[in-house]
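Text of protein_6.pdb, listed as PDB, C-alpha atoms and all ligand atoms:
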ATOM      1  CA  MET A   1     -22.908  47.569  28.210  1.00  0.00           C
ATOM      2  CA  VAL A   2     -19.604  47.357  30.100  1.00  0.00           C
ATOM      3  CA  TYR A   3     -17.780  44.177  31.132  1.00  0.00           C
ATOM      4  CA  LYS A   4     -15.856  44.927  34.308  1.00  0.00           C
ATOM      5  CA  ILE A   5     -12.796  42.888  35.248  1.00  0.00           C
ATOM      6  CA  LEU A   6     -11.067  42.983  38.609  1.00  0.00           C
ATOM      7  CA  TYR A   7      -7.468  41.795  38.233  1.00  0.00           C
ATOM      8  CA  LEU A   8      -6.074  40.893  41.678  1.00  0.00           C
ATOM      9  CA  TYR A   9      -2.360  41.415  42.470  1.00  0.00           C
ATOM     10  CA  PRO A  10      -1.135  41.902  38.870  1.00  0.00           C
ATOM     11  CA  ASP A  11       2.212  43.143  40.219  1.00  0.00           C
ATOM     12  CA  LEU A  12       2.809  39.813  41.997  1.00  0.00           C
ATOM     13  CA  LEU A  13       0.870  37.235  40.009  1.00  0.00           C
ATOM     14  CA  ASP A  14       1.561  37.248  36.270  1.00  0.00           C
ATOM     15  CA  LEU A  15       3.558  34.184  35.282  1.00  0.00           C
ATOM     16  CA  TYR A  16       3.914  32.839  31.732  1.00  0.00           C
ATOM     17  CA  GLY A  17       1.708  35.469  30.140  1.00  0.00           C
ATOM     18  CA  ASP A  18      -1.287  35.248  32.503  1.00  0.00           C
ATOM     19  CA  SER A  19      -2.179  38.894  31.877  1.00  0.00           C
ATOM     20  CA  GLY A  20      -2.612  37.891  28.210  1.00  0.00           C
ATOM     21  CA  ASN A  21      -5.926  36.370  29.313  1.00  0.00           C
ATOM     22  CA  ILE A  22      -7.182  39.877  30.045  1.00  0.00           C
ATOM     23  CA  GLU A  23      -6.024  41.029  26.598  1.00  0.00           C
ATOM     24  CA  VAL A  24      -7.933  38.172  24.945  1.00  0.00           C
ATOM     25  CA  LEU A  25     -11.135  39.023  26.818  1.00  0.00           C
ATOM     26  CA  LYS A  26     -10.752  42.722  25.990  1.00  0.00           C
ATOM     27  CA  TYR A  27     -10.255  41.906  22.295  1.00  0.00           C
ATOM     28  CA  ARG A  28     -13.236  39.552  22.086  1.00  0.00           C
ATOM     29  CA  LEU A  29     -15.480  42.018  23.921  1.00  0.00           C
ATOM     30  CA  GLN A  30     -14.442  45.005  21.824  1.00  0.00           C
ATOM     31  CA  LYS A  31     -14.990  43.065  18.575  1.00  0.00           C
ATOM     32  CA  ARG A  32     -18.618  42.764  19.706  1.00  0.00           C
ATOM     33  CA  GLY A  33     -18.920  46.412  20.637  1.00  0.00           C
ATOM     34  CA  ILE A  34     -18.858  45.721  24.385  1.00  0.00           C
ATOM     35  CA  GLU A  35     -16.715  48.064  26.429  1.00  0.00           C
ATOM     36  CA  CYS A  36     -14.205  46.382  28.766  1.00  0.00           C
ATOM     37  CA  GLN A  37     -13.040  48.046  31.959  1.00  0.00           C
ATOM     38  CA  VAL A  38     -10.075  46.544  33.809  1.00  0.00           C
ATOM     39  CA  ASP A  39      -9.465  47.574  37.433  1.00  0.00           C
ATOM     40  CA  THR A  40      -6.564  46.249  39.445  1.00  0.00           C
ATOM     41  CA  TYR A  41      -6.096  45.680  43.151  1.00  0.00           C
ATOM     42  CA  SER A  42      -2.943  44.959  45.106  1.00  0.00           C
ATOM     43  CA  ILE A  43      -1.666  45.061  48.692  1.00  0.00           C
ATOM     44  CA  LEU A  44      -2.559  48.197  50.691  1.00  0.00           C
ATOM     45  CA  GLU A  45      -4.803  49.637  47.983  1.00  0.00           C
ATOM     46  CA  ASP A  46      -8.427  50.625  48.618  1.00  0.00           C
ATOM     47  CA  LYS A  47     -10.752  47.668  49.067  1.00  0.00           C
ATOM     48  CA  PRO A  48     -12.571  46.921  45.808  1.00  0.00           C
ATOM     49  CA  ASN A  49     -16.281  46.180  45.604  1.00  0.00           C
ATOM     50  CA  PHE A  50     -15.866  42.566  44.478  1.00  0.00           C
ATOM     51  CA  SER A  51     -19.556  42.073  43.659  1.00  0.00           C
ATOM     52  CA  ASP A  52     -19.512  44.992  41.241  1.00  0.00           C
ATOM     53  CA  TYR A  53     -17.570  43.016  38.622  1.00  0.00           C
ATOM     54  CA  ASN A  54     -18.384  40.565  35.847  1.00  0.00           C
ATOM     55  CA  LEU A  55     -15.069  38.776  36.354  1.00  0.00           C
ATOM     56  CA  ILE A  56     -12.470  38.452  39.099  1.00  0.00           C
ATOM     57  CA  PHE A  57      -9.118  37.241  37.806  1.00  0.00           C
ATOM     58  CA  MET A  58      -5.987  36.013  39.570  1.00  0.00           C
ATOM     59  CA  GLY A  59      -2.843  34.719  37.854  1.00  0.00           C
ATOM     60  CA  GLY A  60       0.026  32.510  38.959  1.00  0.00           C
ATOM     61  CA  GLY A  61       3.172  33.318  40.886  1.00  0.00           C
ATOM     62  CA  ALA A  62       6.209  31.961  42.635  1.00  0.00           C
ATOM     63  CA  ASP A  63       5.959  30.662  46.213  1.00  0.00           C
ATOM     64  CA  ARG A  64       7.553  33.868  47.479  1.00  0.00           C
ATOM     65  CA  GLU A  65       4.927  36.116  45.890  1.00  0.00           C
ATOM     66  CA  GLN A  66       2.132  33.872  47.161  1.00  0.00           C
ATOM     67  CA  SER A  67       3.471  34.117  50.727  1.00  0.00           C
ATOM     68  CA  ILE A  68       3.712  37.925  50.437  1.00  0.00           C
ATOM     69  CA  LEU A  69       0.088  38.442  49.449  1.00  0.00           C
ATOM     70  CA  SER A  70      -1.737  35.673  51.322  1.00  0.00           C
ATOM     71  CA  GLU A  71      -2.329  37.712  54.500  1.00  0.00           C
ATOM     72  CA  ASP A  72      -3.840  40.546  52.470  1.00  0.00           C
ATOM     73  CA  LEU A  73      -6.033  38.257  50.353  1.00  0.00           C
ATOM     74  CA  VAL A  74      -7.612  36.323  53.236  1.00  0.00           C
ATOM     75  CA  LYS A  75      -9.055  39.598  54.626  1.00  0.00           C
ATOM     76  CA  TYR A  76     -11.496  39.547  51.713  1.00  0.00           C
ATOM     77  CA  LYS A  77     -12.876  36.032  52.151  1.00  0.00           C
ATOM     78  CA  GLU A  78     -16.464  37.085  52.926  1.00  0.00           C
ATOM     79  CA  ASP A  79     -16.563  39.688  50.131  1.00  0.00           C
ATOM     80  CA  ILE A  80     -15.318  37.160  47.597  1.00  0.00           C
ATOM     81  CA  ILE A  81     -17.789  34.480  48.741  1.00  0.00           C
ATOM     82  CA  SER A  82     -20.580  36.993  48.355  1.00  0.00           C
ATOM     83  CA  ALA A  83     -19.427  37.912  44.817  1.00  0.00           C
ATOM     84  CA  ILE A  84     -19.297  34.216  43.826  1.00  0.00           C
ATOM     85  CA  ASP A  85     -22.785  33.675  45.280  1.00  0.00           C
ATOM     86  CA  LYS A  86     -24.058  36.550  43.145  1.00  0.00           C
ATOM     87  CA  GLY A  87     -22.696  34.849  40.026  1.00  0.00           C
ATOM     88  CA  VAL A  88     -19.550  36.890  39.367  1.00  0.00           C
ATOM     89  CA  PHE A  89     -17.181  34.738  37.296  1.00  0.00           C
ATOM     90  CA  VAL A  90     -13.865  33.873  38.963  1.00  0.00           C
ATOM     91  CA  LEU A  91     -10.917  32.726  36.834  1.00  0.00           C
ATOM     92  CA  LEU A  92      -7.888  31.532  38.780  1.00  0.00           C
ATOM     93  CA  ILE A  93      -4.613  30.406  37.292  1.00  0.00           C
ATOM     94  CA  CYS A  94      -2.088  28.262  39.137  1.00  0.00           C
ATOM     95  CA  GLY A  95      -0.878  30.236  42.211  1.00  0.00           C
ATOM     96  CA  GLY A  96      -4.250  32.047  42.323  1.00  0.00           C
ATOM     97  CA  PHE A  97      -6.094  28.725  42.066  1.00  0.00           C
ATOM     98  CA  GLN A  98      -4.060  27.340  44.978  1.00  0.00           C
ATOM     99  CA  LEU A  99      -4.845  30.352  47.187  1.00  0.00           C
ATOM    100  CA  PHE A 100      -8.625  29.856  46.927  1.00  0.00           C
ATOM    101  CA  GLY A 101      -8.204  26.489  48.671  1.00  0.00           C
ATOM    102  CA  LYS A 102      -7.385  25.813  52.341  1.00  0.00           C
ATOM    103  CA  TYR A 103      -3.618  26.192  52.105  1.00  0.00           C
ATOM    104  CA  TYR A 104      -0.504  25.707  50.018  1.00  0.00           C
ATOM    105  CA  LYS A 105       2.463  23.926  51.623  1.00  0.00           C
ATOM    106  CA  ASP A 106       5.297  25.366  49.537  1.00  0.00           C
ATOM    107  CA  ALA A 107       8.622  23.935  48.333  1.00  0.00           C
ATOM    108  CA  ASP A 108      10.286  24.873  51.667  1.00  0.00           C
ATOM    109  CA  GLY A 109       7.528  23.176  53.689  1.00  0.00           C
ATOM    110  CA  GLN A 110       6.092  26.535  54.774  1.00  0.00           C
ATOM    111  CA  VAL A 111       2.279  26.624  54.962  1.00  0.00           C
ATOM    112  CA  ILE A 112       0.745  29.585  53.133  1.00  0.00           C
ATOM    113  CA  ASP A 113      -2.869  30.207  54.152  1.00  0.00           C
ATOM    114  CA  GLY A 114      -5.459  30.209  51.413  1.00  0.00           C
ATOM    115  CA  LEU A 115      -8.923  31.758  51.459  1.00  0.00           C
ATOM    116  CA  GLY A 116     -10.463  28.359  52.243  1.00  0.00           C
ATOM    117  CA  ILE A 117     -13.445  29.159  50.035  1.00  0.00           C
ATOM    118  CA  PHE A 118     -13.062  25.696  48.500  1.00  0.00           C
ATOM    119  CA  ASP A 119     -12.049  22.498  50.302  1.00  0.00           C
ATOM    120  CA  TYR A 120      -9.019  21.562  48.251  1.00  0.00           C
ATOM    121  CA  TYR A 121      -5.448  22.023  49.469  1.00  0.00           C
ATOM    122  CA  THR A 122      -2.057  21.972  47.769  1.00  0.00           C
ATOM    123  CA  VAL A 123       1.295  20.462  48.700  1.00  0.00           C
ATOM    124  CA  SER A 124       4.516  21.106  46.803  1.00  0.00           C
ATOM    125  CA  GLY A 125       6.547  18.146  45.617  1.00  0.00           C
ATOM    126  CA  GLY A 126       9.730  20.154  46.301  1.00  0.00           C
ATOM    127  CA  LYS A 127      11.979  22.414  44.275  1.00  0.00           C
ATOM    128  CA  ARG A 128      13.234  19.680  41.937  1.00  0.00           C
ATOM    129  CA  ASN A 129       9.925  17.972  41.410  1.00  0.00           C
ATOM    130  CA  ARG A 130       7.810  20.219  39.219  1.00  0.00           C
ATOM    131  CA  ASN A 131       5.038  19.538  36.716  1.00  0.00           C
ATOM    132  CA  ILE A 132       6.227  21.255  33.573  1.00  0.00           C
ATOM    133  CA  GLY A 133       5.023  20.990  29.996  1.00  0.00           C
ATOM    134  CA  ASN A 134       2.228  21.240  27.496  1.00  0.00           C
ATOM    135  CA  ILE A 135      -1.097  19.836  28.637  1.00  0.00           C
ATOM    136  CA  ILE A 136      -4.496  19.153  27.085  1.00  0.00           C
ATOM    137  CA  ILE A 137      -7.610  18.386  29.076  1.00  0.00           C
ATOM    138  CA  GLU A 138     -11.131  17.382  28.067  1.00  0.00           C
ATOM    139  CA  SER A 139     -13.573  19.762  29.722  1.00  0.00           C
ATOM    140  CA  GLN A 140     -17.280  20.567  29.417  1.00  0.00           C
ATOM    141  CA  ILE A 141     -17.750  24.148  28.279  1.00  0.00           C
ATOM    142  CA  ASP A 142     -21.316  25.358  27.970  1.00  0.00           C
ATOM    143  CA  GLY A 143     -22.526  21.748  28.005  1.00  0.00           C
ATOM    144  CA  GLU A 144     -20.218  20.684  25.178  1.00  0.00           C
ATOM    145  CA  PRO A 145     -16.974  18.678  25.366  1.00  0.00           C
ATOM    146  CA  TYR A 146     -14.030  20.967  24.603  1.00  0.00           C
ATOM    147  CA  LYS A 147     -10.290  20.337  24.532  1.00  0.00           C
ATOM    148  CA  VAL A 148      -8.581  22.946  26.681  1.00  0.00           C
ATOM    149  CA  ILE A 149      -4.937  23.444  25.712  1.00  0.00           C
ATOM    150  CA  GLY A 150      -2.316  25.003  27.960  1.00  0.00           C
ATOM    151  CA  PHE A 151       1.110  24.914  29.505  1.00  0.00           C
ATOM    152  CA  GLU A 152       1.791  24.095  33.148  1.00  0.00           C
ATOM    153  CA  ASN A 153       4.750  24.841  35.411  1.00  0.00           C
ATOM    154  CA  HIS A 154       4.164  24.301  39.112  1.00  0.00           C
ATOM    155  CA  GLY A 155       5.488  22.376  42.085  1.00  0.00           C
ATOM    156  CA  GLY A 156       2.204  22.136  43.988  1.00  0.00           C
ATOM    157  CA  ILE A 157      -0.230  19.273  43.572  1.00  0.00           C
ATOM    158  CA  THR A 158      -3.797  19.993  44.602  1.00  0.00           C
ATOM    159  CA  TYR A 159      -5.797  17.375  46.514  1.00  0.00           C
ATOM    160  CA  ASP A 160      -9.460  16.884  47.484  1.00  0.00           C
ATOM    161  CA  ILE A 161     -10.931  18.570  44.448  1.00  0.00           C
ATOM    162  CA  SER A 162     -14.698  18.066  44.348  1.00  0.00           C
ATOM    163  CA  ASN A 163     -15.319  19.023  40.684  1.00  0.00           C
ATOM    164  CA  SER A 164     -12.378  18.934  38.341  1.00  0.00           C
ATOM    165  CA  PHE A 165     -11.980  21.233  35.326  1.00  0.00           C
ATOM    166  CA  GLY A 166     -11.342  18.220  33.126  1.00  0.00           C
ATOM    167  CA  LYS A 167      -9.717  14.878  32.447  1.00  0.00           C
ATOM    168  CA  ILE A 168      -6.122  15.072  31.278  1.00  0.00           C
ATOM    169  CA  LEU A 169      -5.657  13.790  27.716  1.00  0.00           C
ATOM    170  CA  TYR A 170      -2.034  14.791  27.252  1.00  0.00           C
ATOM    171  CA  LYS A 171       0.689  15.779  29.722  1.00  0.00           C
ATOM    172  CA  ASN A 172       4.374  15.436  30.350  1.00  0.00           C
ATOM    173  CA  PRO A 173       5.203  12.225  32.240  1.00  0.00           C
ATOM    174  CA  ASN A 174       6.454  14.306  35.208  1.00  0.00           C
ATOM    175  CA  ASN A 175       2.791  15.063  35.931  1.00  0.00           C
ATOM    176  CA  THR A 176       1.385  12.175  37.993  1.00  0.00           C
ATOM    177  CA  TYR A 177      -2.337  12.924  38.238  1.00  0.00           C
ATOM    178  CA  ASP A 178      -5.274  12.358  35.839  1.00  0.00           C
ATOM    179  CA  PHE A 179      -7.745  15.176  36.489  1.00  0.00           C
ATOM    180  CA  GLU A 180      -6.959  18.857  36.293  1.00  0.00           C
ATOM    181  CA  GLY A 181      -8.209  21.992  38.059  1.00  0.00           C
ATOM    182  CA  PHE A 182     -11.513  22.912  39.648  1.00  0.00           C
ATOM    183  CA  MET A 183     -14.771  24.074  38.076  1.00  0.00           C
ATOM    184  CA  LEU A 184     -18.189  25.330  39.085  1.00  0.00           C
ATOM    185  CA  ASP A 185     -20.622  27.171  36.781  1.00  0.00           C
ATOM    186  CA  ASN A 186     -18.950  30.502  37.516  1.00  0.00           C
ATOM    187  CA  VAL A 187     -15.529  29.466  38.880  1.00  0.00           C
ATOM    188  CA  ILE A 188     -12.557  27.942  37.092  1.00  0.00           C
ATOM    189  CA  GLY A 189      -9.277  27.219  38.851  1.00  0.00           C
ATOM    190  CA  THR A 190      -6.577  25.667  36.678  1.00  0.00           C
ATOM    191  CA  TYR A 191      -2.853  25.082  36.356  1.00  0.00           C
ATOM    192  CA  LEU A 192      -3.037  25.990  32.673  1.00  0.00           C
ATOM    193  CA  HIS A 193      -1.053  29.034  31.671  1.00  0.00           C
ATOM    194  CA  GLY A 194      -0.605  29.679  28.008  1.00  0.00           C
ATOM    195  CA  PRO A 195      -2.082  32.249  28.192  1.00  0.00           C
ATOM    196  CA  LEU A 196      -5.069  29.979  28.619  1.00  0.00           C
ATOM    197  CA  LEU A 197      -7.659  32.002  26.719  1.00  0.00           C
ATOM    198  CA  SER A 198      -5.654  32.672  23.546  1.00  0.00           C
ATOM    199  CA  LYS A 199      -5.504  28.915  22.928  1.00  0.00           C
ATOM    200  CA  ASN A 200      -9.122  28.314  23.901  1.00  0.00           C
ATOM    201  CA  PRO A 201     -11.491  30.884  22.363  1.00  0.00           C
ATOM    202  CA  ALA A 202     -14.650  28.948  23.295  1.00  0.00           C
ATOM    203  CA  LEU A 203     -13.582  29.103  26.927  1.00  0.00           C
ATOM    204  CA  ALA A 204     -13.012  32.866  26.648  1.00  0.00           C
ATOM    205  CA  ASP A 205     -16.537  33.284  25.275  1.00  0.00           C
ATOM    206  CA  TYR A 206     -18.014  31.122  28.032  1.00  0.00           C
ATOM    207  CA  ILE A 207     -16.373  33.375  30.635  1.00  0.00           C
ATOM    208  CA  ILE A 208     -17.714  36.464  28.859  1.00  0.00           C
ATOM    209  CA  LYS A 209     -21.213  34.965  28.608  1.00  0.00           C
ATOM    210  CA  ILE A 210     -21.502  33.892  32.242  1.00  0.00           C
ATOM    211  CA  GLY A 211     -20.023  37.183  33.464  1.00  0.00           C
ATOM    212  CA  LEU A 212     -22.542  39.162  31.388  1.00  0.00           C
ATOM    213  CA  LYS A 213     -25.441  36.992  32.534  1.00  0.00           C
ATOM    214  CA  CYS A 214     -24.598  37.705  36.151  1.00  0.00           C
ATOM    215  CA  LYS A 215     -24.928  41.462  35.758  1.00  0.00           C
ATOM    216  CA  ASN A 216     -27.664  41.604  33.111  1.00  0.00           C
ATOM    217  CA  LYS A 217     -29.801  38.918  34.767  1.00  0.00           C
ATOM    218  CA  LYS A 218     -30.395  37.270  31.421  1.00  0.00           C
ATOM    219  CA  GLU A 219     -28.533  35.188  28.864  1.00  0.00           C
ATOM    220  CA  ILE A 220     -26.719  37.421  26.320  1.00  0.00           C
ATOM    221  CA  GLU A 221     -26.238  35.869  22.883  1.00  0.00           C
ATOM    222  CA  LEU A 222     -22.664  36.527  21.712  1.00  0.00           C
ATOM    223  CA  GLU A 223     -22.116  37.291  18.056  1.00  0.00           C
ATOM    224  CA  PRO A 224     -19.706  34.620  16.678  1.00  0.00           C
ATOM    225  CA  LEU A 225     -16.194  35.847  15.821  1.00  0.00           C
ATOM    226  CA  ASP A 226     -13.935  34.670  13.035  1.00  0.00           C
ATOM    227  CA  ASP A 227     -11.694  32.203  14.930  1.00  0.00           C
ATOM    228  CA  GLU A 228     -10.247  30.527  11.857  1.00  0.00           C
ATOM    229  CA  LEU A 229      -6.658  31.304  12.798  1.00  0.00           C
ATOM    230  CA  GLU A 230      -7.125  30.348  16.453  1.00  0.00           C
ATOM    231  CA  ASN A 231      -8.753  27.067  15.434  1.00  0.00           C
ATOM    232  CA  LYS A 232      -5.967  26.268  12.955  1.00  0.00           C
ATOM    233  CA  CYS A 233      -3.438  26.762  15.788  1.00  0.00           C
ATOM    234  CA  ARG A 234      -5.530  24.496  17.999  1.00  0.00           C
ATOM    235  CA  ASP A 235      -5.626  21.809  15.309  1.00  0.00           C
ATOM    236  CA  VAL A 236      -1.832  21.899  14.991  1.00  0.00           C
ATOM    237  CA  LEU A 237      -1.351  21.541  18.756  1.00  0.00           C
ATOM    238  CA  ILE A 238      -4.001  18.842  19.136  1.00  0.00           C
ATOM    239  CA  THR A 239      -2.568  16.824  16.223  1.00  0.00           C
ATOM    240  CA  GLN A 240       0.944  17.221  17.602  1.00  0.00           C
ATOM    241  CA  PHE A 241       0.119  16.104  21.132  1.00  0.00           C
ATOM    242  CA  LEU A 242      -2.752  13.606  20.819  1.00  0.00           C
TER
HETATM  243  N1  LIG B   1       4.307  28.593  43.289  1.00  0.00           N
HETATM  244  C1  LIG B   1       3.301  27.670  42.920  1.00  0.00           C
HETATM  245  C2  LIG B   1       3.874  26.292  42.573  1.00  0.00           C
HETATM  246  O1  LIG B   1       5.029  26.181  42.244  1.00  0.00           O
HETATM  247  C3  LIG B   1       2.483  28.213  41.765  1.00  0.00           C
HETATM  248  C4  LIG B   1       3.282  28.339  40.491  1.00  0.00           C
HETATM  249  C5  LIG B   1       2.529  29.011  39.373  1.00  0.00           C
HETATM  250  O2  LIG B   1       1.671  29.857  39.615  1.00  0.00           O
HETATM  251  N2  LIG B   1       2.911  28.694  38.148  1.00  0.00           N
HETATM  252  O3  LIG B   1       3.161  25.326  42.625  1.00  0.00           O
END

Starting from the file, lay out its structure as structure tokens.
Amino acid sequence: MVYKILYLYPDLLDLYGDSGNIEVLKYRLQKRGIECQVDTYSILEDKPNFSDYNLIFMGGGADREQSILSEDLVKYKEDIISAIDKGVFVLLICGGFQLFGKYYKDADGQVIDGLGIFDYYTVSGGKRNRNIGNIIIESQIDGEPYKVIGFENHGGITYDISNSFGKILYKNPNNTYDFEGFMLDNVIGTYLHGPLLSKNPALADYIIKIGLKCKNKKEIELEPLDDELENKCRDVLITQFL
């Protein structure tokens, strides 16, 4: 069994350790004897077969990088919709999350087109008005409540989100909204860097499980891993912030 990851624009979108999410997935797959293949795609490279993957991943980036790649990304709207419809998991962090919505109006007031796959849109609060800090949200992962811990640093605020990723339990006061991110069964868009998955092993396993189900057409039971250390780190952070 192979778990195939398509990492979009890694040369432009990798803020605050986003590529660490790929390392976490690789580690948790290999511990279970599942091979992990990571392919990358960036501007002017050959078009990937989006539906061939278990997971499509996009990280965060500065406004400038987002404006550079937007024209290339929107060419693939139909291919990406088709992959999502087939159940491929899509994990989007920050700048990547913004670009799956209608548009992002950046800190200079320039409108960067998004894929428009989802109805939300994002407007920057300006260069001096950023949401920065540790953040904890209460999400539902695999039908269970789970505290997702991360770190955010972005100027854009996303509006018109139909299904949020979770309710914010802890944030810096510079963040003015109460619900975070976007979630469907096989899509998560979030402002949480961290890297997200190193702080949230249950979320990493959910992404592995749903991605495997999509290609194997059946639920795959994942062997539990020893997450004692990860959970101790989580306890420290949760006690510190909540
Ligand atoms: N440039 C975007 C913003 O500032 C996204 C930043 C990010 O990906 N961390 O909102």

Would you compute the distance between CA of Glu23 in chain A and CA of Gln37 in chain A? Give it in Å to one decimal.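 Separating CA of Glu23 in chain A from CA of Gln37 in chain A is a distance of 11.3 Å.
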
State, in Å with one decimal place, the distance from CA of Gly17 in chain A to CA of Gly150 in chain A. 11.4 Å

Assuming the chain letters and numbering stay as they are in my file, what does the PyMOL selection byres (((chain A and resi 134) around 12) and not hetatm) actually select? List them as a compact mmCIF listing (two decimals) with C-alpha atoms, in the frame of the given file.
# COMPACT_ATOMS: atom_id res chain seq x y z
CA ASN A 131 5.04 19.54 36.72
CA ILE A 132 6.23 21.26 33.57
CA GLY A 133 5.02 20.99 30.00
CA ILE A 135 -1.10 19.84 28.64
CA ILE A 136 -4.50 19.15 27.08
CA ILE A 137 -7.61 18.39 29.08
CA VAL A 148 -8.58 22.95 26.68
CA ILE A 149 -4.94 23.44 25.71
CA GLY A 150 -2.32 25.00 27.96
CA PHE A 151 1.11 24.91 29.50
CA GLU A 152 1.79 24.10 33.15
CA ASN A 153 4.75 24.84 35.41
CA ILE A 168 -6.12 15.07 31.28
CA LEU A 169 -5.66 13.79 27.72
CA TYR A 170 -2.03 14.79 27.25
CA LYS A 171 0.69 15.78 29.72
CA ASN A 172 4.37 15.44 30.35
CA PRO A 173 5.20 12.22 32.24
CA ASN A 174 6.45 14.31 35.21
CA ASN A 175 2.79 15.06 35.93
CA TYR A 191 -2.85 25.08 36.36
CA LEU A 192 -3.04 25.99 32.67
CA HIS A 193 -1.05 29.03 31.67
CA GLY A 194 -0.60 29.68 28.01
CA PRO A 195 -2.08 32.25 28.19
CA LEU A 196 -5.07 29.98 28.62
CA LYS A 199 -5.50 28.92 22.93
CA LEU A 237 -1.35 21.54 18.76
CA ILE A 238 -4.00 18.84 19.14
CA GLN A 240 0.94 17.22 17.60
CA PHE A 241 0.12 16.10 21.13
CA LEU A 242 -2.75 13.61 20.82

So what does the PyMOL selection byres (((chain A and resi 10) around 8) and not hetatm) actually pick up in this one, as a PyMOL selection string? chain A and resi 7-9+11-14+19+40-42+58-59

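The list of residues with at least one atom within 6 Å of Ile93 in chain A, based on all atoms listed in the file and without residues fewer than 2 positions apart in the same chain, reads Gly59, Gly60, Gly96, Phe97, Gly189, Thr190 and Tyr191 of chain A.
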
Write out as a list in words each polymer residue whose atoms come within 10 Å of Gly101 in chain A, counting only C-alpha atoms; drop sequence neighbours fewer than 2 positions from it.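 Everything that qualifies: Gly96, Phe97, Gln98, Leu99, Tyr103, Tyr104, Asp113, Gly114, Leu115, Gly116, Ile117, Phe118, Asp119, Tyr120, Tyr121, Thr122, Thr158, Tyr159, Asp160, Ile161 and Gly189 of chain A.
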
Just to be explicit: take each residue in the selection above, keep C-alpha atoms, and write the result as a compact mmCIF listing (two decimals), in the coordinates of the input.
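Now in selection_1.txt:
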# COMPACT_ATOMS: atom_id res chain seq x y z
CA GLY A 96 -4.25 32.05 42.32
CA PHE A 97 -6.09 28.72 42.07
CA GLN A 98 -4.06 27.34 44.98
CA LEU A 99 -4.84 30.35 47.19
CA TYR A 103 -3.62 26.19 52.10
CA TYR A 104 -0.50 25.71 50.02
CA ASP A 113 -2.87 30.21 54.15
CA GLY A 114 -5.46 30.21 51.41
CA LEU A 115 -8.92 31.76 51.46
CA GLY A 116 -10.46 28.36 52.24
CA ILE A 117 -13.44 29.16 50.04
CA PHE A 118 -13.06 25.70 48.50
CA ASP A 119 -12.05 22.50 50.30
CA TYR A 120 -9.02 21.56 48.25
CA TYR A 121 -5.45 22.02 49.47
CA THR A 122 -2.06 21.97 47.77
CA THR A 158 -3.80 19.99 44.60
CA TYR A 159 -5.80 17.38 46.51
CA ASP A 160 -9.46 16.88 47.48
CA ILE A 161 -10.93 18.57 44.45
CA GLY A 189 -9.28 27.22 38.85

Distance of CA of Gly181 in chain A from CA of Gly156 in chain A, expressed in Å to one decimal place: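 Value for the CA of Gly156 in chain A-CA of Gly181 in chain A distance: 12.0 Å.
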
Show which residues sit within 12 Å of Lys215 in chain A, as a list of chain:residue names. Count only C-alpha atoms, and ignore same-chain residues fewer than 2 positions away. A:Met1, A:Val2, A:Tyr3, A:Lys4, A:Ser51, A:Asp52, A:Tyr53, A:Asn54, A:Leu55, A:Ala83, A:Lys86, A:Gly87, A:Val88, A:Phe89, A:Ile208, A:Lys209, A:Ile210, A:Gly211, A:Leu212, A:Lys213, A:Lys217, A:Lys218, A:Glu219, A:Ile220

Would you list the contacts of Lys31 in chain A as a PyMOL selection string, taking every protein, DNA or RNA residue within 12 Å and counting only C-alpha atoms, but skipping same-chain residues closer than 4 positions in sequence? chain A and resi 24-27+35-36+205+222-227

Around ligand LIG 1 (chain B), at most 6 Å away and counting all atoms listed in the file, which residues are there? Put them as a PyMOL selection string, please. chain A and resi 60-63+94-95+153-156

Output, as AutoDock Vina command-line options, the centre and edge lengths in Å (one decimal) of the axis-aligned box that contains all listed atoms of range 13-25 of chain A with 3 Å of margin on each side.
--center_x -3.6 --center_y 36.9 --center_z 32.5 --size_x 21.0 --size_y 14.2 --size_z 21.1
